[in-house]
Amino acid sequence: EDSEVFYDAIEIMKEHPIEFGAVVHCFCSNLEIANAFLDANVGIKYFGIGGAIGDRANEGFIDMVKNMSLEKLLVETDAPYQHFETGDKRLVNSMTLFKVIDKIAELKGITPEEVMRVTYKNACEFYGFEE
């Protein structure tokens, strides 16, 4: 994995901080990179976890999802041209969210309902919706 691009992004954000908070969309890197975004204090509030958590996820990404606070995660469909599972002809779509939720729950050793409850709360907070 080439982490240089993430550190470049952090430096750019230090020069141009995000005023209202942001999501690192379609995040699929490791815990070190995620913590670097948070530690830089540049406005990153959440990491979007989507189809990349399927069967092609690397160990670093799996470790990040296991160890990152659920309060820092959002669930998303991410790129519609990805596949959740290798060999699956279906592209990622809104129904894939349930697979993403199940995988996060499995990795964290919690129920899918808990993942849904917390990530829904996170989304409401981020987008300014009432729960």
# chains A, B, ... in the order shown; residues from 1 in each chain; ligands from 1
>>> select_by_dssp(residues="chain A", states="helix (DSSP H, G or I)", output="JSON, numbers by chain")
{"A": [4, 5, 6, 7, 8, 9, 10, 11, 12, 13, 14, 15, 31, 32, 33, 34, 35, 36, 37, 38, 39, 51, 52, 53, 59, 60, 61, 62, 63, 64, 65, 66, 67, 70, 71, 72, 96, 97, 98, 99, 100, 101, 102, 103, 104, 105, 106, 107, 108, 112, 113, 114, 115, 116, 117, 118, 119, 120, 121, 122, 123, 124, 125, 126, 127]}
>>> write_last_selection(atoms="C-alpha atoms", output="short mmCIF file (atom, residue, chain, number, x, y, z; two decimals), in the first residue's frame")
data_model
loop_
_atom_site.label_atom_id
_atom_site.label_comp_id
_atom_site.auth_asym_id
_atom_site.auth_seq_id
_atom_site.Cartn_x
_atom_site.Cartn_y
_atom_site.Cartn_z
CA GLU A 4 2.25 8.69 0.74
CA VAL A 5 -0.96 9.94 -0.88
CA PHE A 6 -2.73 9.92 2.50
CA TYR A 7 0.03 11.89 4.18
CA ASP A 8 -0.01 14.34 1.26
CA ALA A 9 -3.77 14.75 1.77
CA ILE A 10 -3.24 15.42 5.47
CA GLU A 11 -0.67 18.12 4.70
CA ILE A 12 -3.06 19.77 2.24
CA MET A 13 -5.82 19.68 4.84
CA LYS A 14 -3.51 21.26 7.40
CA GLU A 15 -3.12 24.18 4.99
CA LEU A 31 -5.29 1.96 11.42
CA GLU A 32 -2.07 3.99 11.29
CA ILE A 33 -3.40 6.08 8.40
CA ALA A 34 -6.83 6.47 10.03
CA ASN A 35 -5.23 7.64 13.26
CA ALA A 36 -2.97 10.03 11.31
CA PHE A 37 -6.10 11.70 9.88
CA LEU A 38 -7.65 11.97 13.34
CA ASP A 39 -4.44 13.08 15.08
CA GLY A 51 -17.77 -2.79 -0.31
CA ALA A 52 -14.00 -2.84 0.12
CA ILE A 53 -14.56 -4.73 3.40
CA GLU A 59 -5.14 -7.33 6.78
CA GLY A 60 -4.41 -3.67 7.53
CA PHE A 61 -7.94 -2.62 6.60
CA ILE A 62 -9.47 -5.51 8.56
CA ASP A 63 -7.38 -4.46 11.58
CA MET A 64 -8.53 -0.84 11.19
CA VAL A 65 -12.21 -1.81 11.21
CA LYS A 66 -11.70 -4.12 14.20
CA ASN A 67 -9.92 -1.47 16.25
CA LEU A 70 -17.60 2.40 15.90
CA GLU A 71 -18.40 6.04 16.68
CA LYS A 72 -15.94 6.99 13.91
CA THR A 96 -24.74 -4.32 -0.09
CA LEU A 97 -24.99 -2.16 3.05
CA PHE A 98 -26.36 -5.19 4.90
CA LYS A 99 -23.28 -7.24 3.93
CA VAL A 100 -21.02 -4.38 5.04
CA ILE A 101 -22.88 -4.13 8.36
CA ASP A 102 -22.66 -7.90 8.90
CA LYS A 103 -18.91 -7.88 8.18
CA ILE A 104 -18.25 -4.97 10.57
CA ALA A 105 -20.30 -6.74 13.27
CA GLU A 106 -18.36 -9.96 12.72
CA LEU A 107 -15.00 -8.20 12.94
CA LYS A 108 -15.97 -6.27 16.08
CA PRO A 112 -25.42 -6.13 13.23
CA GLU A 113 -28.14 -4.22 15.08
CA GLU A 114 -25.50 -2.46 17.19
CA VAL A 115 -23.54 -1.52 14.06
CA MET A 116 -26.73 -0.16 12.47
CA ARG A 117 -27.71 1.77 15.61
CA VAL A 118 -24.35 3.49 16.03
CA THR A 119 -23.62 4.17 12.36
CA TYR A 120 -27.16 5.54 11.89
CA LYS A 121 -26.56 7.87 14.84
CA ASN A 122 -23.21 8.88 13.28
CA ALA A 123 -24.87 9.63 9.93
CA CYS A 124 -27.64 11.67 11.57
CA GLU A 125 -25.05 13.69 13.47
CA PHE A 126 -22.86 14.26 10.42
CA TYR A 127 -25.67 15.24 8.06
#
>>> residues_around(residues="Glu85 of chain A", least_positions_apart="3", cutoff="8 Å", atoms="only C-alpha atoms", output="PyMOL selection string")
chain A and resi 54-56+88
>>> closest_residue(among="A:Val23, A:Val92, A:Phe47, A:Asn41", to="Leu73 of chain A", atoms="only C-alpha atoms")
A:Phe47
>>> closest_residue(among="A:Gln82, A:Ser69, A:Thr77, A:Ser29", to="Ser94 of chain A", atoms="only C-alpha atoms")
A:Thr77
>>> residues_around(residues="Gly21 of chain A", least_positions_apart="5", cutoff="10 Å", atoms="only C-alpha atoms", output="JSON, numbers by chain")
{"A": [42, 43, 44, 45, 46, 126]}
>>> residues_around(residues="Glu76 of chain A", least_positions_apart="5", cutoff="6 Å", atoms="only C-alpha atoms", output="list of chain:residue names")
A:Gly48, A:Ile49, A:Gly50
>>> write_last_selection(atoms="N, CA and C atoms", output="PDB file, in the first residue's frame")
ATOM      1  N   GLY A  48     -15.736   6.225   5.914  1.00  0.00           N
ATOM      2  CA  GLY A  48     -16.778   5.489   5.214  1.00  0.00           C
ATOM      3  C   GLY A  48     -16.306   4.083   4.904  1.00  0.00           C
ATOM      4  N   ILE A  49     -17.037   3.091   5.405  1.00  0.00           N
ATOM      5  CA  ILE A  49     -16.707   1.687   5.176  1.00  0.00           C
ATOM      6  C   ILE A  49     -17.761   1.121   4.236  1.00  0.00           C
ATOM      7  N   GLY A  50     -17.300   0.589   3.121  1.00  0.00           N
ATOM      8  CA  GLY A  50     -18.219   0.054   2.121  1.00  0.00           C
ATOM      9  C   GLY A  50     -17.783  -1.294   1.596  1.00  0.00           C
TER      10      GLY A  50
END
